[in-house]
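Participant: final_28.cif (mmCIF, C-alpha atoms and all ligand atoms) pasted underneath:
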```cif
data_entry
loop_
_atom_site.label_atom_id
_atom_site.label_comp_id
_atom_site.auth_asym_id
_atom_site.auth_seq_id
_atom_site.Cartn_x
_atom_site.Cartn_y
_atom_site.Cartn_z
CA MET A 136 82.40 97.51 96.37
CA ARG A 137 85.06 97.71 99.08
CA ILE A 138 83.79 99.68 102.05
CA VAL A 139 86.02 100.79 104.90
CA ALA A 140 84.48 102.04 108.15
CA LEU A 141 86.14 103.47 111.26
CA ALA A 142 84.24 102.47 114.38
CA GLY A 143 83.93 102.80 118.14
CA GLY A 144 81.66 100.51 120.14
CA ILE A 145 77.88 100.77 120.30
CA GLY A 146 77.23 103.48 117.69
CA GLY A 147 79.68 101.90 115.27
CA ALA A 148 78.45 98.35 115.81
CA ARG A 149 74.77 99.17 115.39
CA PHE A 150 75.47 101.16 112.23
CA LEU A 151 77.52 98.32 110.76
CA ARG A 152 74.70 95.87 111.35
CA GLY A 153 72.54 98.11 109.15
CA LEU A 154 75.30 98.58 106.59
CA ARG A 155 75.74 94.81 106.28
CA GLU A 156 72.02 94.61 105.54
CA ALA A 157 72.20 97.37 102.92
CA ILE A 158 75.00 95.97 100.73
CA GLY A 159 75.14 93.22 98.12
CA PRO A 160 76.77 89.79 98.41
CA GLU A 161 79.83 90.93 96.41
CA ASP A 162 80.48 93.93 98.61
CA GLU A 163 82.93 93.69 101.49
CA ILE A 164 83.36 95.71 104.66
CA THR A 165 86.62 96.32 106.49
CA VAL A 166 86.21 97.83 109.95
CA ILE A 167 89.01 99.73 111.66
CA GLY A 168 88.15 99.53 115.35
CA ASN A 169 89.13 101.90 118.14
CA THR A 170 91.46 100.39 120.73
CA GLY A 171 91.99 103.57 122.79
CA ASP A 172 89.35 102.32 125.26
CA ASP A 173 91.39 99.19 126.00
CA ILE A 174 92.14 98.52 129.62
CA HIS A 175 94.05 95.92 131.62
CA LEU A 176 91.96 94.41 134.41
CA TYR A 177 92.87 91.42 136.60
CA GLY A 178 95.91 90.95 134.39
CA LEU A 179 93.70 90.59 131.32
CA LYS A 180 93.52 92.77 128.24
CA VAL A 181 90.00 94.02 127.65
CA CYS A 182 89.13 95.66 124.31
CA PRO A 183 85.63 97.09 124.86
CA ASP A 184 85.06 98.50 121.38
CA LEU A 185 86.41 95.49 119.46
CA ASP A 186 84.28 93.22 121.65
CA THR A 187 81.14 95.30 121.16
CA LEU A 188 81.70 95.15 117.39
CA MET A 189 82.33 91.40 117.50
CA TYR A 190 79.40 90.55 119.77
CA THR A 191 76.94 92.85 118.00
CA LEU A 192 77.81 91.67 114.50
CA GLY A 193 78.20 88.06 115.67
CA GLY A 194 74.84 87.85 117.46
CA GLY A 195 76.19 87.60 121.01
CA ILE A 196 75.52 91.09 122.31
CA HIS A 197 73.30 92.06 125.23
CA GLU A 198 70.85 94.05 123.10
CA GLU A 199 69.34 96.45 125.62
CA GLN A 200 72.64 97.21 127.31
CA GLY A 201 74.54 97.57 124.04
CA TRP A 202 77.73 96.05 125.47
CA GLY A 203 78.67 92.70 127.00
CA ARG A 204 77.20 89.25 126.38
CA ALA A 205 73.58 88.21 126.20
CA ASP A 206 72.38 85.95 129.05
CA GLU A 207 75.39 86.90 131.13
CA THR A 208 76.11 85.63 134.65
CA TRP A 209 78.36 87.30 137.23
CA SER A 210 79.95 84.59 139.39
CA ILE A 211 83.56 85.60 138.78
CA LYS A 212 82.86 89.21 139.68
CA ALA A 213 81.13 88.13 142.89
CA GLU A 214 84.08 85.89 143.79
CA MET A 215 86.55 88.72 143.11
CA LYS A 216 84.54 90.95 145.39
CA GLU A 217 84.82 88.37 148.19
CA TYR A 218 88.60 88.70 147.80
CA GLY A 219 88.24 92.47 147.92
CA VAL A 220 89.66 92.74 144.42
CA GLY A 221 88.20 95.37 142.10
CA PRO A 222 87.46 97.44 140.22
CA GLU A 223 83.83 96.99 141.14
CA TRP A 224 82.71 99.69 138.74
CA PHE A 225 83.68 97.78 135.59
CA GLY A 226 81.28 95.04 134.54
CA LEU A 227 82.95 91.88 133.28
CA GLY A 228 80.57 88.94 133.16
CA ASP A 229 81.51 85.25 133.15
CA ARG A 230 80.94 84.75 129.43
CA ASP A 231 82.77 87.94 128.59
CA PHE A 232 85.71 86.79 130.75
CA ALA A 233 86.31 83.91 128.34
CA THR A 234 87.01 86.39 125.52
CA HIS A 235 89.53 88.28 127.64
CA LEU A 236 91.19 85.04 128.75
CA VAL A 237 91.64 83.85 125.18
CA ARG A 238 92.88 87.26 124.06
CA SER A 239 95.35 87.60 126.92
CA GLN A 240 96.61 84.05 126.54
CA MET A 241 97.31 84.61 122.85
CA LEU A 242 98.97 87.99 123.46
CA THR A 243 101.19 86.39 126.11
CA ALA A 244 102.11 83.69 123.60
CA GLY A 245 103.33 86.42 121.25
CA TYR A 246 100.48 86.92 118.82
CA THR A 247 99.62 90.48 117.82
CA LEU A 248 96.26 92.07 118.63
CA SER A 249 95.35 91.84 114.91
CA GLN A 250 96.03 88.11 114.92
CA VAL A 251 94.09 87.66 118.14
CA THR A 252 91.15 89.64 116.78
CA GLU A 253 91.10 87.51 113.66
CA ALA A 254 91.15 84.37 115.79
CA LEU A 255 88.27 85.58 117.98
CA CYS A 256 86.30 86.43 114.84
CA VAL A 257 86.55 82.82 113.67
CA ARG A 258 83.99 82.13 116.36
CA TRP A 259 81.86 85.27 115.96
CA LYS A 260 81.77 85.48 112.15
CA PRO A 261 80.93 89.20 112.15
CA GLY A 262 80.55 89.31 108.37
CA VAL A 263 83.15 92.08 108.19
CA ARG A 264 86.94 92.08 108.32
CA LEU A 265 87.67 93.52 111.75
CA LEU A 266 91.05 95.21 112.23
CA PRO A 267 92.24 96.96 115.37
CA MET A 268 93.48 100.48 114.52
CA SER A 269 96.91 99.47 115.85
CA ASP A 270 98.70 96.51 117.41
CA ASP A 271 100.52 98.96 119.68
CA ARG A 272 99.16 99.93 123.06
CA VAL A 273 97.16 103.15 122.99
CA GLU A 274 95.14 104.25 126.03
CA THR A 275 92.90 107.29 126.13
CA HIS A 276 93.26 109.28 129.34
CA VAL A 277 91.11 112.18 130.48
CA ARG A 278 92.37 115.13 132.52
CA ILE A 279 89.96 116.13 135.27
CA THR A 280 89.97 118.30 138.37
CA ASP A 281 88.00 117.20 141.42
CA GLU A 282 88.42 117.18 145.20
CA ASN A 283 91.58 115.09 144.70
CA GLY A 284 93.13 117.78 142.50
CA THR A 285 94.03 117.75 138.83
CA ARG A 286 94.92 114.36 137.41
CA ALA A 287 94.53 112.07 134.45
CA VAL A 288 92.26 109.06 134.69
CA HIS A 289 91.80 106.20 132.26
CA PHE A 290 88.94 106.87 129.84
CA GLN A 291 87.00 103.91 131.28
CA GLU A 292 87.29 105.35 134.76
CA TYR A 293 86.01 108.71 133.47
CA TRP A 294 83.13 107.17 131.54
CA VAL A 295 82.07 104.17 133.60
CA ARG A 296 83.03 105.05 137.19
CA LEU A 297 82.62 108.84 137.10
CA HIS A 298 79.79 108.82 134.47
CA ALA A 299 81.51 111.83 132.88
CA ALA A 300 79.98 113.91 135.68
CA VAL A 301 83.09 116.09 136.05
CA ASP A 302 84.26 118.17 133.12
CA ALA A 303 86.89 116.66 130.84
CA GLU A 304 89.71 119.20 130.51
CA ALA A 305 91.77 117.32 127.96
CA ILE A 306 91.65 114.03 126.11
CA ILE A 307 95.04 112.37 125.75
CA PRO A 308 95.42 109.27 123.57
CA VAL A 309 98.52 108.01 125.40
CA GLY A 310 100.81 106.08 123.08
CA ALA A 311 99.05 107.16 119.90
CA ASP A 312 101.91 109.36 118.75
CA THR A 313 104.27 106.39 118.45
CA ALA A 314 101.68 103.77 117.44
CA LYS A 315 101.68 102.27 113.97
CA PRO A 316 98.52 101.44 112.06
CA ALA A 317 97.84 97.70 112.26
CA PRO A 318 98.76 95.60 109.22
CA GLY A 319 96.18 96.07 106.50
CA VAL A 320 94.75 99.34 107.78
CA LEU A 321 96.46 101.76 105.38
CA GLU A 322 96.14 99.28 102.51
CA ALA A 323 92.38 98.93 103.09
CA VAL A 324 91.92 102.71 103.17
CA ALA A 325 93.92 103.18 99.96
CA ALA A 326 92.01 100.42 98.14
CA ALA A 327 88.53 101.43 99.38
CA ASP A 328 85.70 102.45 97.07
CA VAL A 329 83.86 104.17 99.93
CA ILE A 330 85.01 105.23 103.40
CA LEU A 331 82.38 105.68 106.09
CA LEU A 332 82.48 107.29 109.52
CA PRO A 333 79.55 105.75 111.45
CA PRO A 334 77.82 107.81 114.17
CA SER A 335 80.59 106.90 116.63
CA ASN A 336 82.00 109.28 119.22
CA PRO A 337 83.97 111.86 117.19
CA VAL A 338 86.56 112.41 119.93
CA VAL A 339 87.23 109.19 121.83
CA SER A 340 86.30 106.70 119.07
CA ILE A 341 86.90 108.19 115.59
CA GLY A 342 89.27 110.88 116.94
CA THR A 343 91.48 108.27 118.59
CA ILE A 344 91.70 106.19 115.41
CA LEU A 345 92.63 109.33 113.46
CA ALA A 346 95.31 110.10 116.08
CA VAL A 347 97.34 107.07 115.00
CA PRO A 348 99.98 108.60 112.70
CA GLY A 349 99.25 107.89 109.06
CA ILE A 350 95.55 107.07 109.33
CA ARG A 351 94.15 110.59 108.96
CA ALA A 352 96.54 111.29 106.08
CA ALA A 353 95.56 108.01 104.41
CA LEU A 354 91.87 108.95 104.57
CA ALA A 355 92.58 112.43 103.22
CA ALA A 356 94.67 111.01 100.38
CA ALA A 357 92.37 108.09 99.53
CA PRO A 358 90.65 108.24 96.15
CA ALA A 359 87.41 107.05 97.80
CA PRO A 360 84.85 109.54 99.10
CA VAL A 361 84.66 109.85 102.89
CA VAL A 362 81.12 110.16 104.26
CA GLY A 363 80.15 110.46 107.92
CA LEU A 364 76.93 110.26 109.93
CA SER A 365 76.28 112.55 112.87
CA PRO A 366 76.15 111.00 116.36
CA ILE A 367 74.70 114.31 117.56
CA ILE A 368 71.00 114.98 117.00
CA GLY A 369 69.29 118.17 118.10
CA GLY A 370 72.35 119.41 119.95
CA ALA A 371 72.88 116.30 122.09
CA PRO A 372 74.40 112.84 121.72
CA VAL A 373 71.75 110.18 121.10
CA ARG A 374 73.33 108.05 123.80
CA GLY A 375 76.25 108.59 126.14
CA MET A 376 78.19 111.70 127.01
CA ALA A 377 79.90 112.76 123.79
CA ASP A 378 79.13 116.40 124.62
CA LYS A 379 81.58 116.19 127.55
CA VAL A 380 84.51 115.06 125.45
CA LEU A 381 83.58 117.42 122.60
CA ALA A 382 83.74 120.31 125.10
CA ALA A 383 87.23 119.16 126.09
CA VAL A 384 88.44 119.62 122.52
CA GLY A 385 86.57 122.91 122.11
CA VAL A 386 83.87 121.66 119.76
CA GLU A 387 80.21 122.48 120.21
CA ALA A 388 77.89 119.47 120.51
CA THR A 389 76.03 120.10 117.26
CA ALA A 390 75.84 118.09 114.06
CA ALA A 391 77.40 120.97 112.11
CA ALA A 392 80.27 121.65 114.52
CA VAL A 393 81.28 118.00 114.53
CA ALA A 394 81.42 117.92 110.72
CA LEU A 395 83.36 121.18 110.50
CA ASN A 396 85.79 119.90 113.12
CA TYR A 397 86.54 116.85 110.95
CA GLY A 398 86.87 119.40 108.16
CA SER A 399 86.58 119.33 104.39
CA GLY A 400 90.15 118.03 104.17
CA LEU A 401 88.87 114.76 105.60
CA LEU A 402 85.12 114.64 104.93
CA ASP A 403 83.45 114.77 101.52
CA GLY A 404 79.93 114.18 102.79
CA TRP A 405 77.98 114.36 106.05
CA LEU A 406 74.53 113.19 107.06
CA VAL A 407 72.60 115.03 109.75
CA ASP A 408 69.25 114.02 111.21
CA THR A 409 66.08 115.61 109.81
CA ALA A 410 65.81 117.46 113.14
CA ASP A 411 69.03 119.26 112.14
CA GLU A 412 67.93 120.28 108.64
CA ALA A 413 68.95 123.84 109.53
CA ALA A 414 72.59 122.68 109.90
CA VAL A 415 72.89 121.62 106.24
CA ALA A 416 73.78 125.08 104.93
CA ALA A 417 76.56 125.62 107.49
CA VAL A 418 78.13 122.25 106.72
CA GLU A 419 77.95 122.88 102.95
CA ALA A 420 79.44 126.34 103.45
CA GLY A 421 82.41 124.48 104.98
CA GLY A 422 82.91 122.58 101.72
CA ILE A 423 81.23 119.33 102.83
CA ALA A 424 78.17 117.98 100.96
CA CYS A 425 75.37 117.52 103.45
CA ARG A 426 71.93 115.89 103.54
CA ALA A 427 69.31 115.59 106.28
CA VAL A 428 67.80 112.11 106.72
CA PRO A 429 66.43 110.19 109.73
CA LEU A 430 69.44 109.08 111.79
CA LEU A 431 67.90 107.16 114.67
CA MET A 432 69.03 103.53 114.67
CA THR A 433 65.72 102.27 116.07
CA ASP A 434 66.07 98.89 114.35
CA VAL A 435 68.18 97.20 111.69
CA ALA A 436 65.84 98.24 108.86
CA ALA A 437 65.99 101.93 109.84
CA THR A 438 69.77 101.66 110.19
CA ALA A 439 70.10 100.00 106.77
CA GLU A 440 68.21 102.99 105.37
CA MET A 441 70.82 105.30 106.93
CA ALA A 442 73.59 103.21 105.38
CA ARG A 443 71.92 103.46 101.96
CA ALA A 444 71.73 107.23 102.35
CA ALA A 445 75.44 107.35 103.20
CA LEU A 446 76.35 105.21 100.18
CA ALA A 447 74.12 107.36 97.95
CA LEU A 448 75.81 110.53 99.16
CA ALA A 449 79.20 108.92 98.53
CA GLU A 450 78.17 108.32 94.91
CA GLN A 451 77.09 111.96 94.57
CA VAL A 452 80.35 113.40 95.87
CA ARG A 453 82.60 110.93 94.04
CA ALA A 454 84.92 113.10 91.99
P1 LIG B 501 80.99 103.58 122.20
O1 LIG B 501 82.43 103.30 121.92
O2 LIG B 501 80.26 102.41 122.76
O3 LIG B 501 80.75 104.85 122.95
O4 LIG B 501 80.28 103.77 120.79
P2 LIG B 501 80.60 104.70 119.56
O5 LIG B 501 81.69 105.66 119.79
O6 LIG B 501 80.70 103.82 118.35
O7 LIG B 501 79.22 105.46 119.44
C1 LIG B 501 78.79 106.35 120.42
C2 LIG B 501 77.94 107.40 119.77
O8 LIG B 501 76.84 106.77 119.10
C3 LIG B 501 77.31 108.38 120.74
O9 LIG B 501 77.95 109.63 120.61
C4 LIG B 501 75.83 108.42 120.33
O10 LIG B 501 75.36 109.74 120.22
C5 LIG B 501 75.83 107.72 119.00
N1 LIG B 501 74.56 107.03 118.76
C6 LIG B 501 74.02 106.04 119.51
N2 LIG B 501 72.82 105.67 119.00
C7 LIG B 501 72.61 106.45 117.90
C8 LIG B 501 71.54 106.57 116.95
O11 LIG B 501 70.53 105.86 116.99
N3 LIG B 501 71.70 107.51 115.98
C9 LIG B 501 72.80 108.32 115.89
N4 LIG B 501 72.85 109.21 114.89
N5 LIG B 501 73.81 108.23 116.77
C10 LIG B 501 73.72 107.32 117.76
CA CA B 502 84.27 103.11 123.08
#
```
Is it possible to give me this structure as structure tokens?
Ligand code: GDP
Ligand code: CA

Facilitator:
Amino acid sequence: MRIVALAGGIGGARFLRGLREAIGPEDEITVIGNTGDDIHLYGLKVCPDLDTLMYTLGGGIHEEQGWGRADETWSIKAEMKEYGVGPEWFGLGDRDFATHLVRSQMLTAGYTLSQVTEALCVRWKPGVRLLPMSDDRVETHVRITDENGTRAVHFQEYWVRLHAAVDAEAIIPVGADTAKPAPGVLEAVAAADVILLPPSNPVVSIGTILAVPGIRAALAAAPAPVVGLSPIIGGAPVRGMADKVLAAVGVEATAAAVALNYGSGLLDGWLVDTADEAAVAAVEAGGIACRAVPLLMTDVAATAEMARAALALAEQVRA
């Protein structure tokens, strides 16, 4: 079985760890990772979602934090601070720095982000084929209004520095309209037996991937069933501030609204948490098969169970 999954950072990575557990040795997973969160810091290219996927699946993640390296130290950051060079609000540890140095060195030498990602994965052995959504630069910006007026800030500044405390007025994936899917992305989608949307942020993770011209259409046209899992449980994101960015695109933070926003043109099946059993009818009325199962990724075993439920639903909706 060839499984394709679109993924952001933490939610995507944790789900994929369960999915890897749930499949057989013959099955293969291709992950299309969001690069809209990418940011240039200290002259280095940082790809937060690709790194979270790589570290989580490769056993190098800081478990409790959900991002960054385990057993991290912070000497470089402290030294930068002595020089008065920021940003202080973005955490890059010493071990993590090595990843960004290798990536930036290879990009400067002319390799594409896909090639760099493949090279980094030689070390991390994530057990999946990890593709960036695009080799072209895409950067999600968020329009906000605060005491400094109305302006657009980088998504990382909105999320990490401002903690999404001000309302997001618009989400703009800058560069997405002219970006091309990375090599292998459309081919993987077309050849997939199952396509999964993990419980990643529907706007700034999955939404950004779908904003790359050709990817949404490829999913809609793919012979494989597309099944998603809700990142919203009981009317709130399990972790993070997805409700803020959902509001910016005019979507209610409920499991049903997120599914209906993807729409039956894209989604064939949708899993909601048992707490949202009442949402099943509304999702099915929208032409999307829906089941309620436990969706808390408390450990790998519970997450593998979610992955099995998604694969089972895919079998049921397969035309
Ligand atoms: P990010 O790029 O690090 O923000 O990660 P993703 O976009 O991949 O995932 C973020 C989403 O994961 C958030 O909207 C959370 O609500 C969701 N999430 C985190 N933990 C869980 C969980 O245990 N269950 C479910 N259903 N969703 C979760
Ligand atoms: Ca992200």

Participant: Expressed in Å to a single decimal, how great is the separation between CA of His276 in chain A and CA of Gly342 in chain A?

Facilitator: 13.1 Å

Participant: I'd like to know which of A:Gly363, A:Gly171, A:Pro308, A:Pro160 is closest to ligand CA 502 (chain B), using all atoms listed in the file.

Facilitator: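 Going through A:Gly363, A:Gly171, A:Pro308, A:Pro160 one by one, the smallest distance to ligand CA 502 (chain B) is for A:Gly171.
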
Participant: Find the distance between atom C1 of ligand LIG 501 (chain B) and CA of Thr234 in chain A and write it in Å to one decimal.

Facilitator: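 A separation of 22.2 Å between them.
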
Participant: Using all atoms listed in the file, which residue out of A:Gly400, A:Ala410, A:Met215, A:Asp328 lies closest to Glu450 in chain A?

Facilitator: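 Ranked by minimum distance to Glu450 in chain A, first place goes to A:Asp328.
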
Participant: Give me the residues of range 318-340 of chain A that have any atom at most 10 Å from an atom of range 345-349 of chain A; for each, the nearest atom pair and the distance in Å, rounded to one decimal. Use all atoms listed in the file, sort by chain and number, and format it as a Markdown table.

Facilitator:
```
| residue | atom | partner | partner_atom | distance |
| --- | --- | --- | --- | --- |
| A:Val320 | CA | A:Gly349 | CA | 9.7 |
| A:Leu321 | CA | A:Gly349 | CA | 7.7 |
| A:Pro337 | CA | A:Leu345 | CA | 9.8 |
| A:Val338 | CA | A:Leu345 | CA | 9.4 |
| A:Val339 | CA | A:Ala346 | CA | 10.0 |
| A:Ser340 | CA | A:Leu345 | CA | 8.9 |
```

Participant: Residues contacting ligand LIG 501 (chain B) - anything with an atom at most 9 Å away, using only C-alpha atoms and all ligand atoms - can you give me those as a ChimeraX atom specification?

Facilitator: /A:141-150,169,172,183-184,187-188,201-202,333-341,364-368,371-378,406-408,429-434,438

Participant: What's around Tyr293 in chain A at 9 Å? Count all atoms listed in the file, leave out sequence neighbours fewer than 6 positions away in its own chain, and write the answer as a PyMOL selection string.

Facilitator: chain A and resi 276-277+279+299-301+303
